[in-house]
Amino acid sequence: MNAPTAQSTTTLESLSTVSMTKSFGGVTAVDGATVTFREGKVNGLIGPNGSGKTTFFNCVTGMIKPDSGEVRYRGRSITRKSPDRVARAGIGRSFQLCRVFPRMTVMENLLVAVRNTSIRQQLRSAHDPDELERARGWLRRVGIDHLEHAEARNLSYGQQKLLELAGVLMGDPDTIMLDEPAGGVNPALIGRIATLVRELNEEGKTFIIVEHNMEMVMSLCDHVVVFDRGRQIAEGAPEIIQQDPRVLEAYLGV
Amino acid sequence: MPSVSSREPIATETVVVAPPAPRKRPAAKWVKLALIVVGAALILSFPTIAPNPYILSAGVVILNYAVLSTGWNFMGGFTGYISLGHAAFFGLGAYGTALLIKYLALPGFVAWIIAAVLVALIAIPIGFAALRVRGASFVIVSIAFVLIMLLVFQSWREVTGGSEGLVVPRPFPGMLRPEHHRVFFYLFVLLLAVSLVVWWIIDRSKFGTALKSIREDEDKAQSLGVPTDRYKLIAYMLSALFVALGGGLYALWFGDLDPIFQFSILIGSYMVLMALLGGVRNLFGPLLGAVVVGVALEYFKLEFGDTQFHLIATGILLGIVVLFMPDGIIPAVKSLLTRSSNEASIREVTAGELLEQNDKRTADASTQERSS
């Protein structure tokens, strides 16, 4: 590892796990993973197929309860918290196979995100003018504002990916976890998504991205964590990761 | 590129090109309002129009169905959890009211309200257990619940009277039968109005949007911060409350309870059928469904007497709805009226065009930045 630069000493701890383990029957998908992501950075999480990345994602966001170990976010434990509490703590996520609400309009999809669960807030009209304006802002940002009234199921896969991202952003998360943002979309759209990530990161959002598209990972990420067999085998800047013999071995089996 | 299905060719992308925004037609709003006014006038004048007490009592039964079905729709419509066992809340509301009058000598309408609140509280542990499972499993659990209730109320003779039935003391002892029907007709109208207003308030609220997102994709909703467990339970309680109010009012009106009717799968199925028929996403869907199914049931019972033909007819009706109007009558009629005008145009866009759009966007963004 290269010596920490002046910048990396000032970076805070964002999301981290300590010896997190999750088994399904006899298969240990996540095996004592101890990982620290960097606040304010675009973090990449890579690894061969079946290395436990998505299970790791699901454990961190509460969709699956880990068998043991700890998940911490900004100094507080969020281990075993329900997914909605993790979300309201400021962690937004997308899904590997993009998920939107198919029979709701694009606008309604954006109005789902819950930040405040007080009864007064919840009984207010969903079509609050401020919220609508905020939603339109995000739709413009991802470039699908012209589809506001369309039902989400009528959108193309790429457009649904953009919609999912806008929906996550409506929850105003500090940290955004994307599971294969480039999966299944054409190169032009990958470019648009990468640009968005970069811009949002400059505005202060932390990203944690699982991705197989190496070109995207290497160009986009500041910090990369490499997974193999359910645990971290390497971490560091993308240029360094590319040279790491352990990474090459995991990927190529040399 | 990762392993992704072949649905996404690199060269082209299916893009929805700006569909026409739903045209703001003030006329549609007036038509809707007019329909509501006419519907309300028809319902309110029914006791005056009804030629005889028998028809009037059939009207009360249908209104009772409308209350039950609208109550069911708090759960089934918003969250998509299809309960076939809501008759349990109908029965508990009815028996609760009767037993509170009988054993605590409470005035009829006080017993009615207290019983419904108690049923809503009972719904908490039931919902806590039942709402852990989704889809078909939830349907089975809900059926088990009503069957257990049936057994309990049949066997617990000392308290419930078992299969002998239970006579409910009348709230208006001296009242003649036609007058009695009339009063209860308006009481059911009032209860229906309250449940519709509450449904409407939820439908347009943030809470309602959250419930609907649960219907669409529960895990996704939760990942966006929706406290799904709590919200489902609240919807379940509200649903139980209104169905129990419907049951209690039925008990006060009809005056005689039998477990086999109060806790029947059939009553639960009617609630589902009526809501589906009218349209579960619409405020007035269950009401419309209750009128159609209720009138049909009464007609078949009248014409074919003691045969089970009304059940066959109900089955056929359910089949027709599922096959031809999966979303119910109201959406089917709506889309028939707007079919020509409201279709989203879908066309193929080449990667080139998409890149062009991208460039334009970037250019737009940078000019905006410069200007700001």
# chains A, B, ... in the order shown; residues from 1 in each chain; ligands from 1
call {"tool": "interface_residues", "arguments": {"of": "chain A", "to": "chain B", "cutoff": "7 Å", "atoms": "only C-alpha atoms", "output": "NGL selection string"}}
result
:A and (83-85 or 87-88 or 92-93 or 99 or 101-102 or 112-115 or 122-126 or 146-147 or 149-150 or 154-156 or 168 or 171 or 183-186 or 188 or 212-213)
call {"tool": "select_by_dssp", "arguments": {"residues": "range 76-281 of chain B", "states": "strand (DSSP E)", "output": "list in words"}}
result
Leu166, Val167, Asp256 and Leu257 of chain B
call {"tool": "write_last_selection", "arguments": {"atoms": "C-alpha atoms", "output": "PDB file, in the first residue's frame"}}
result
ATOM      1  CA  LEU B 166     -77.733 -15.546  19.634  1.00  0.00           C
ATOM      2  CA  VAL B 167     -80.557 -13.050  19.838  1.00  0.00           C
ATOM      3  CA  ASP B 256     -80.099 -12.783  15.312  1.00  0.00           C
ATOM      4  CA  LEU B 257     -76.601 -14.215  14.913  1.00  0.00           C
TER       5      LEU B 257
END
call {"tool": "residues_around", "arguments": {"residues": "Gly246 in chain B", "least_positions_apart": "4", "cutoff": "8 Å", "atoms": "only C-alpha atoms", "output": "PyMOL selection string"}}
result
chain B and resi 64+67-68+90+93+188+191+242+250
call {"tool": "select_by_dssp", "arguments": {"residues": "range 192-366 of chain B", "states": "alpha helix (DSSP H)", "output": "VMD selection string"}}
result
chain B and resid 192 to 204 206 to 216 218 to 223 228 to 254 259 to 262 265 to 278 285 to 304 309 to 324 329 to 338 351 to 366
call {"tool": "residues_around", "arguments": {"residues": "Leu302 in chain B", "least_positions_apart": "6", "cutoff": "12 Å", "atoms": "only C-alpha atoms", "output": "list in words"}}
result
Tyr54, Ile55, Ala58, Val295, Ala296, Gln308, Phe309 and His310 of chain B
call {"tool": "atom_distance", "arguments": {"atom1": "CA of Leu63 in chain B", "atom2": "CA of Leu118 in chain B"}}
result
23.2 Å
call {"tool": "residues_around", "arguments": {"residues": "Ile193 in chain A", "least_positions_apart": "4", "cutoff": "9 Å", "atoms": "only C-alpha atoms", "output": "VMD selection string"}}
result
chain A and resid 142 162 181 to 182 188 to 189 197 to 198
call {"tool": "write_last_selection", "arguments": {"atoms": "N, CA and C atoms", "output": "mmCIF file, in the first residue's frame"}}
result
data_model
loop_
_atom_site.group_PDB
_atom_site.id
_atom_site.type_symbol
_atom_site.label_atom_id
_atom_site.label_comp_id
_atom_site.auth_asym_id
_atom_site.auth_seq_id
_atom_site.Cartn_x
_atom_site.Cartn_y
_atom_site.Cartn_z
ATOM 1 N N VAL A 142 -31.831 13.446 -13.986
ATOM 2 C CA VAL A 142 -31.481 12.169 -14.615
ATOM 3 C C VAL A 142 -31.962 12.130 -16.067
ATOM 4 N N LEU A 162 -32.714 4.857 -14.629
ATOM 5 C CA LEU A 162 -32.611 6.270 -14.271
ATOM 6 C C LEU A 162 -33.698 6.642 -13.271
ATOM 7 N N PRO A 181 -24.852 -0.558 -11.600
ATOM 8 C CA PRO A 181 -25.540 0.518 -12.314
ATOM 9 C C PRO A 181 -25.401 0.416 -13.838
ATOM 10 N N ALA A 182 -24.348 -0.230 -14.306
ATOM 11 C CA ALA A 182 -24.145 -0.310 -15.755
ATOM 12 C C ALA A 182 -24.719 -1.584 -16.349
ATOM 13 N N ALA A 188 -24.193 4.468 -24.195
ATOM 14 C CA ALA A 188 -24.505 5.890 -24.083
ATOM 15 C C ALA A 188 -25.079 6.194 -22.702
ATOM 16 N N LEU A 189 -25.934 5.278 -22.247
ATOM 17 C CA LEU A 189 -26.573 5.477 -20.949
ATOM 18 C C LEU A 189 -25.584 5.276 -19.811
ATOM 19 N N VAL A 197 -23.078 10.179 -11.339
ATOM 20 C CA VAL A 197 -22.396 9.747 -10.114
ATOM 21 C C VAL A 197 -21.294 10.743 -9.773
ATOM 22 N N ARG A 198 -20.542 11.126 -10.769
ATOM 23 C CA ARG A 198 -19.431 12.047 -10.524
ATOM 24 C C ARG A 198 -19.949 13.385 -9.995
#
call {"tool": "residues_around", "arguments": {"residues": "Met237 in chain B", "least_positions_apart": "5", "cutoff": "9 Å", "atoms": "only C-alpha atoms", "output": "count of residues only"}}
result
10
call {"tool": "residues_around", "arguments": {"residues": "Arg231 in chain A", "least_positions_apart": "5", "cutoff": "7 Å", "atoms": "only C-alpha atoms", "output": "number ranges by chain"}}
result
A: 30-33
call {"tool": "closest_residue", "arguments": {"among": "A:Cys59, A:Val247, A:Met107, A:Leu15", "to": "Gly75 in chain A", "atoms": "only C-alpha atoms"}}
result
A:Leu15
call {"tool": "closest_residue", "arguments": {"among": "A:Glu164, A:Glu202, A:Asp145, A:Glu131", "to": "Asp179 in chain A", "atoms": "only C-alpha atoms"}}
result
A:Glu164
call {"tool": "atom_distance", "arguments": {"atom1": "CA of Thr307 in chain B", "atom2": "CA of Ala94 in chain B"}}
result
26.9 Å
call {"tool": "atom_distance", "arguments": {"atom1": "CA of Gly279 in chain B", "atom2": "CA of Ile329 in chain B"}}
result
6.1 Å
call {"tool": "closest_residue", "arguments": {"among": "A:Thr195, A:Arg74, A:Gly26, A:Met218", "to": "Arg38 in chain A", "atoms": "only C-alpha atoms"}}
result
A:Arg74
call {"tool": "closest_residue", "arguments": {"among": "B:Gly268, B:Gly294, B:Pro259, B:Pro47", "to": "Gly76 in chain B", "atoms": "only C-alpha atoms"}}
result
B:Gly268
call {"tool": "decode", "arguments": {"residues": "range 27-178 of chain A", "atoms": "C-alpha atoms", "output": "PDB file, in the first residue's frame"}}
result
ATOM      1  CA  VAL A  27     -22.693 -22.112   1.703  1.00  0.00           C
ATOM      2  CA  THR A  28     -20.923 -19.220   3.366  1.00  0.00           C
ATOM      3  CA  ALA A  29     -21.687 -16.262   1.108  1.00  0.00           C
ATOM      4  CA  VAL A  30     -20.063 -13.627   3.282  1.00  0.00           C
ATOM      5  CA  ASP A  31     -17.219 -14.927   5.383  1.00  0.00           C
ATOM      6  CA  GLY A  32     -15.989 -12.591   8.099  1.00  0.00           C
ATOM      7  CA  ALA A  33     -15.910  -9.518   5.901  1.00  0.00           C
ATOM      8  CA  THR A  34     -14.200  -6.516   7.460  1.00  0.00           C
ATOM      9  CA  VAL A  35     -14.539  -3.581   5.098  1.00  0.00           C
ATOM     10  CA  THR A  36     -14.329   0.179   5.462  1.00  0.00           C
ATOM     11  CA  PHE A  37     -15.699   2.542   2.847  1.00  0.00           C
ATOM     12  CA  ARG A  38     -14.612   6.149   2.587  1.00  0.00           C
ATOM     13  CA  GLU A  39     -16.891   9.072   3.293  1.00  0.00           C
ATOM     14  CA  GLY A  40     -17.280  11.510   0.429  1.00  0.00           C
ATOM     15  CA  LYS A  41     -15.698   9.156  -2.087  1.00  0.00           C
ATOM     16  CA  VAL A  42     -16.859   6.933  -4.892  1.00  0.00           C
ATOM     17  CA  ASN A  43     -16.132   3.477  -3.494  1.00  0.00           C
ATOM     18  CA  GLY A  44     -16.072   0.459  -5.767  1.00  0.00           C
ATOM     19  CA  LEU A  45     -16.802  -3.100  -4.668  1.00  0.00           C
ATOM     20  CA  ILE A  46     -15.610  -5.677  -7.171  1.00  0.00           C
ATOM     21  CA  GLY A  47     -15.024  -9.382  -7.239  1.00  0.00           C
ATOM     22  CA  PRO A  48     -15.671 -12.469  -9.349  1.00  0.00           C
ATOM     23  CA  ASN A  49     -19.200 -13.816  -9.753  1.00  0.00           C
ATOM     24  CA  GLY A  50     -20.387 -15.494  -6.559  1.00  0.00           C
ATOM     25  CA  SER A  51     -17.858 -13.707  -4.386  1.00  0.00           C
ATOM     26  CA  GLY A  52     -20.649 -12.489  -2.110  1.00  0.00           C
ATOM     27  CA  LYS A  53     -20.966  -8.863  -3.186  1.00  0.00           C
ATOM     28  CA  THR A  54     -24.729  -8.756  -3.463  1.00  0.00           C
ATOM     29  CA  THR A  55     -25.208 -10.721  -0.232  1.00  0.00           C
ATOM     30  CA  PHE A  56     -22.850  -8.251   1.405  1.00  0.00           C
ATOM     31  CA  PHE A  57     -25.002  -5.401   0.047  1.00  0.00           C
ATOM     32  CA  ASN A  58     -28.155  -7.037   1.351  1.00  0.00           C
ATOM     33  CA  CYS A  59     -26.646  -7.621   4.803  1.00  0.00           C
ATOM     34  CA  VAL A  60     -25.471  -4.039   5.072  1.00  0.00           C
ATOM     35  CA  THR A  61     -28.859  -2.618   4.076  1.00  0.00           C
ATOM     36  CA  GLY A  62     -30.791  -4.962   6.355  1.00  0.00           C
ATOM     37  CA  MET A  63     -32.543  -6.954   3.633  1.00  0.00           C
ATOM     38  CA  ILE A  64     -30.811 -10.044   5.048  1.00  0.00           C
ATOM     39  CA  LYS A  65     -29.797 -10.385   8.690  1.00  0.00           C
ATOM     40  CA  PRO A  66     -26.109 -11.331   9.013  1.00  0.00           C
ATOM     41  CA  ASP A  67     -25.340 -14.360  11.207  1.00  0.00           C
ATOM     42  CA  SER A  68     -22.615 -12.504  13.062  1.00  0.00           C
ATOM     43  CA  GLY A  69     -20.459  -9.433  12.892  1.00  0.00           C
ATOM     44  CA  GLU A  70     -21.257  -5.759  12.923  1.00  0.00           C
ATOM     45  CA  VAL A  71     -22.302  -3.032  10.499  1.00  0.00           C
ATOM     46  CA  ARG A  72     -21.461   0.552  11.417  1.00  0.00           C
ATOM     47  CA  TYR A  73     -22.480   3.786   9.761  1.00  0.00           C
ATOM     48  CA  ARG A  74     -20.912   7.077  10.807  1.00  0.00           C
ATOM     49  CA  GLY A  75     -19.901   5.706  14.154  1.00  0.00           C
ATOM     50  CA  ARG A  76     -23.231   4.080  15.007  1.00  0.00           C
ATOM     51  CA  SER A  77     -24.121   0.421  14.815  1.00  0.00           C
ATOM     52  CA  ILE A  78     -26.837  -0.368  12.295  1.00  0.00           C
ATOM     53  CA  THR A  79     -26.443  -4.141  12.582  1.00  0.00           C
ATOM     54  CA  ARG A  80     -29.734  -5.990  12.101  1.00  0.00           C
ATOM     55  CA  LYS A  81     -31.706  -2.783  11.684  1.00  0.00           C
ATOM     56  CA  SER A  82     -34.669  -3.157   9.312  1.00  0.00           C
ATOM     57  CA  PRO A  83     -34.101  -1.943   5.736  1.00  0.00           C
ATOM     58  CA  ASP A  84     -36.415   1.043   6.179  1.00  0.00           C
ATOM     59  CA  ARG A  85     -34.471   2.234   9.234  1.00  0.00           C
ATOM     60  CA  VAL A  86     -31.198   1.836   7.356  1.00  0.00           C
ATOM     61  CA  ALA A  87     -32.727   3.897   4.550  1.00  0.00           C
ATOM     62  CA  ARG A  88     -33.907   6.606   6.910  1.00  0.00           C
ATOM     63  CA  ALA A  89     -30.431   6.654   8.499  1.00  0.00           C
ATOM     64  CA  GLY A  90     -29.255   8.010   5.149  1.00  0.00           C
ATOM     65  CA  ILE A  91     -28.292   5.002   3.042  1.00  0.00           C
ATOM     66  CA  GLY A  92     -30.094   4.683  -0.274  1.00  0.00           C
ATOM     67  CA  ARG A  93     -29.703   1.692  -2.547  1.00  0.00           C
ATOM     68  CA  SER A  94     -30.567   0.403  -5.996  1.00  0.00           C
ATOM     69  CA  PHE A  95     -31.155  -3.225  -6.911  1.00  0.00           C
ATOM     70  CA  GLN A  96     -29.148  -5.498  -9.179  1.00  0.00           C
ATOM     71  CA  LEU A  97     -32.089  -6.086 -11.483  1.00  0.00           C
ATOM     72  CA  CYS A  98     -33.498  -2.612 -11.402  1.00  0.00           C
ATOM     73  CA  ARG A  99     -36.715  -2.349  -9.408  1.00  0.00           C
ATOM     74  CA  VAL A 100     -39.353   0.328  -9.841  1.00  0.00           C
ATOM     75  CA  PHE A 101     -43.059   0.365  -8.978  1.00  0.00           C
ATOM     76  CA  PRO A 102     -44.435  -0.801 -12.342  1.00  0.00           C
ATOM     77  CA  ARG A 103     -48.037   0.360 -12.045  1.00  0.00           C
ATOM     78  CA  MET A 104     -47.329   3.747 -10.583  1.00  0.00           C
ATOM     79  CA  THR A 105     -46.448   6.756 -12.690  1.00  0.00           C
ATOM     80  CA  VAL A 106     -42.895   8.064 -12.841  1.00  0.00           C
ATOM     81  CA  MET A 107     -43.899  10.915 -10.535  1.00  0.00           C
ATOM     82  CA  GLU A 108     -45.597   8.597  -8.029  1.00  0.00           C
ATOM     83  CA  ASN A 109     -42.477   6.436  -8.012  1.00  0.00           C
ATOM     84  CA  LEU A 110     -40.551   9.434  -6.750  1.00  0.00           C
ATOM     85  CA  LEU A 111     -43.087  10.328  -4.079  1.00  0.00           C
ATOM     86  CA  VAL A 112     -42.671   6.989  -2.275  1.00  0.00           C
ATOM     87  CA  ALA A 113     -39.415   7.792  -0.478  1.00  0.00           C
ATOM     88  CA  VAL A 114     -40.080   8.325   3.230  1.00  0.00           C
ATOM     89  CA  ARG A 115     -37.834  10.569   5.272  1.00  0.00           C
ATOM     90  CA  ASN A 116     -40.198  11.478   8.081  1.00  0.00           C
ATOM     91  CA  THR A 117     -42.615   8.972   9.566  1.00  0.00           C
ATOM     92  CA  SER A 118     -44.494  11.337  11.890  1.00  0.00           C
ATOM     93  CA  ILE A 119     -48.272  11.021  11.605  1.00  0.00           C
ATOM     94  CA  ARG A 120     -48.675  14.681  10.639  1.00  0.00           C
ATOM     95  CA  GLN A 121     -46.231  14.315   7.778  1.00  0.00           C
ATOM     96  CA  GLN A 122     -47.772  11.066   6.624  1.00  0.00           C
ATOM     97  CA  LEU A 123     -51.327  12.392   6.472  1.00  0.00           C
ATOM     98  CA  ARG A 124     -50.304  15.326   4.314  1.00  0.00           C
ATOM     99  CA  SER A 125     -51.167  15.179   0.657  1.00  0.00           C
ATOM    100  CA  ALA A 126     -48.713  13.146  -1.368  1.00  0.00           C
ATOM    101  CA  HIS A 127     -48.907  15.807  -4.060  1.00  0.00           C
ATOM    102  CA  ASP A 128     -47.431  18.517  -1.903  1.00  0.00           C
ATOM    103  CA  PRO A 129     -46.190  21.305  -4.254  1.00  0.00           C
ATOM    104  CA  ASP A 130     -42.726  21.422  -2.686  1.00  0.00           C
ATOM    105  CA  GLU A 131     -42.298  17.674  -3.022  1.00  0.00           C
ATOM    106  CA  LEU A 132     -43.513  17.753  -6.635  1.00  0.00           C
ATOM    107  CA  GLU A 133     -40.989  20.468  -7.422  1.00  0.00           C
ATOM    108  CA  ARG A 134     -38.190  18.525  -5.747  1.00  0.00           C
ATOM    109  CA  ALA A 135     -39.208  15.410  -7.679  1.00  0.00           C
ATOM    110  CA  ARG A 136     -39.244  17.290 -10.985  1.00  0.00           C
ATOM    111  CA  GLY A 137     -35.773  18.572 -10.177  1.00  0.00           C
ATOM    112  CA  TRP A 138     -34.441  15.015  -9.872  1.00  0.00           C
ATOM    113  CA  LEU A 139     -36.296  13.878 -12.985  1.00  0.00           C
ATOM    114  CA  ARG A 140     -34.681  16.694 -14.949  1.00  0.00           C
ATOM    115  CA  ARG A 141     -31.360  15.779 -13.419  1.00  0.00           C
ATOM    116  CA  VAL A 142     -31.481  12.169 -14.615  1.00  0.00           C
ATOM    117  CA  GLY A 143     -33.096  13.252 -17.871  1.00  0.00           C
ATOM    118  CA  ILE A 144     -36.557  11.683 -17.793  1.00  0.00           C
ATOM    119  CA  ASP A 145     -38.670  14.670 -16.808  1.00  0.00           C
ATOM    120  CA  HIS A 146     -40.632  14.351 -20.055  1.00  0.00           C
ATOM    121  CA  LEU A 147     -41.974  11.001 -18.775  1.00  0.00           C
ATOM    122  CA  GLU A 148     -43.479  12.317 -15.551  1.00  0.00           C
ATOM    123  CA  HIS A 149     -46.979  11.002 -16.306  1.00  0.00           C
ATOM    124  CA  ALA A 150     -45.984   7.676 -17.893  1.00  0.00           C
ATOM    125  CA  GLU A 151     -46.513   4.449 -15.996  1.00  0.00           C
ATOM    126  CA  ALA A 152     -43.157   3.072 -14.925  1.00  0.00           C
ATOM    127  CA  ARG A 153     -43.791  -0.289 -16.601  1.00  0.00           C
ATOM    128  CA  ASN A 154     -43.918   1.429 -20.001  1.00  0.00           C
ATOM    129  CA  LEU A 155     -40.369   2.727 -19.665  1.00  0.00           C
ATOM    130  CA  SER A 156     -37.391   1.039 -21.273  1.00  0.00           C
ATOM    131  CA  TYR A 157     -34.957  -0.793 -19.014  1.00  0.00           C
ATOM    132  CA  GLY A 158     -32.465   2.046 -19.227  1.00  0.00           C
ATOM    133  CA  GLN A 159     -35.091   4.623 -18.352  1.00  0.00           C
ATOM    134  CA  GLN A 160     -36.211   2.473 -15.437  1.00  0.00           C
ATOM    135  CA  LYS A 161     -32.632   2.482 -14.168  1.00  0.00           C
ATOM    136  CA  LEU A 162     -32.611   6.270 -14.271  1.00  0.00           C
ATOM    137  CA  LEU A 163     -36.006   6.330 -12.558  1.00  0.00           C
ATOM    138  CA  GLU A 164     -34.737   4.032  -9.816  1.00  0.00           C
ATOM    139  CA  LEU A 165     -31.788   6.334  -9.238  1.00  0.00           C
ATOM    140  CA  ALA A 166     -34.059   9.398  -9.088  1.00  0.00           C
ATOM    141  CA  GLY A 167     -36.317   7.563  -6.627  1.00  0.00           C
ATOM    142  CA  VAL A 168     -33.365   6.802  -4.362  1.00  0.00           C
ATOM    143  CA  LEU A 169     -32.206  10.426  -4.565  1.00  0.00           C
ATOM    144  CA  MET A 170     -35.648  11.635  -3.433  1.00  0.00           C
ATOM    145  CA  GLY A 171     -34.929  10.039  -0.057  1.00  0.00           C
ATOM    146  CA  ASP A 172     -32.003  12.476   0.226  1.00  0.00           C
ATOM    147  CA  PRO A 173     -29.459   9.822   1.229  1.00  0.00           C
ATOM    148  CA  ASP A 174     -25.894  10.732   2.213  1.00  0.00           C
ATOM    149  CA  THR A 175     -24.621   7.404   0.978  1.00  0.00           C
ATOM    150  CA  ILE A 176     -25.855   5.721  -2.189  1.00  0.00           C
ATOM    151  CA  MET A 177     -25.237   2.050  -2.862  1.00  0.00           C
ATOM    152  CA  LEU A 178     -25.624   1.012  -6.480  1.00  0.00           C
TER     153      LEU A 178
END
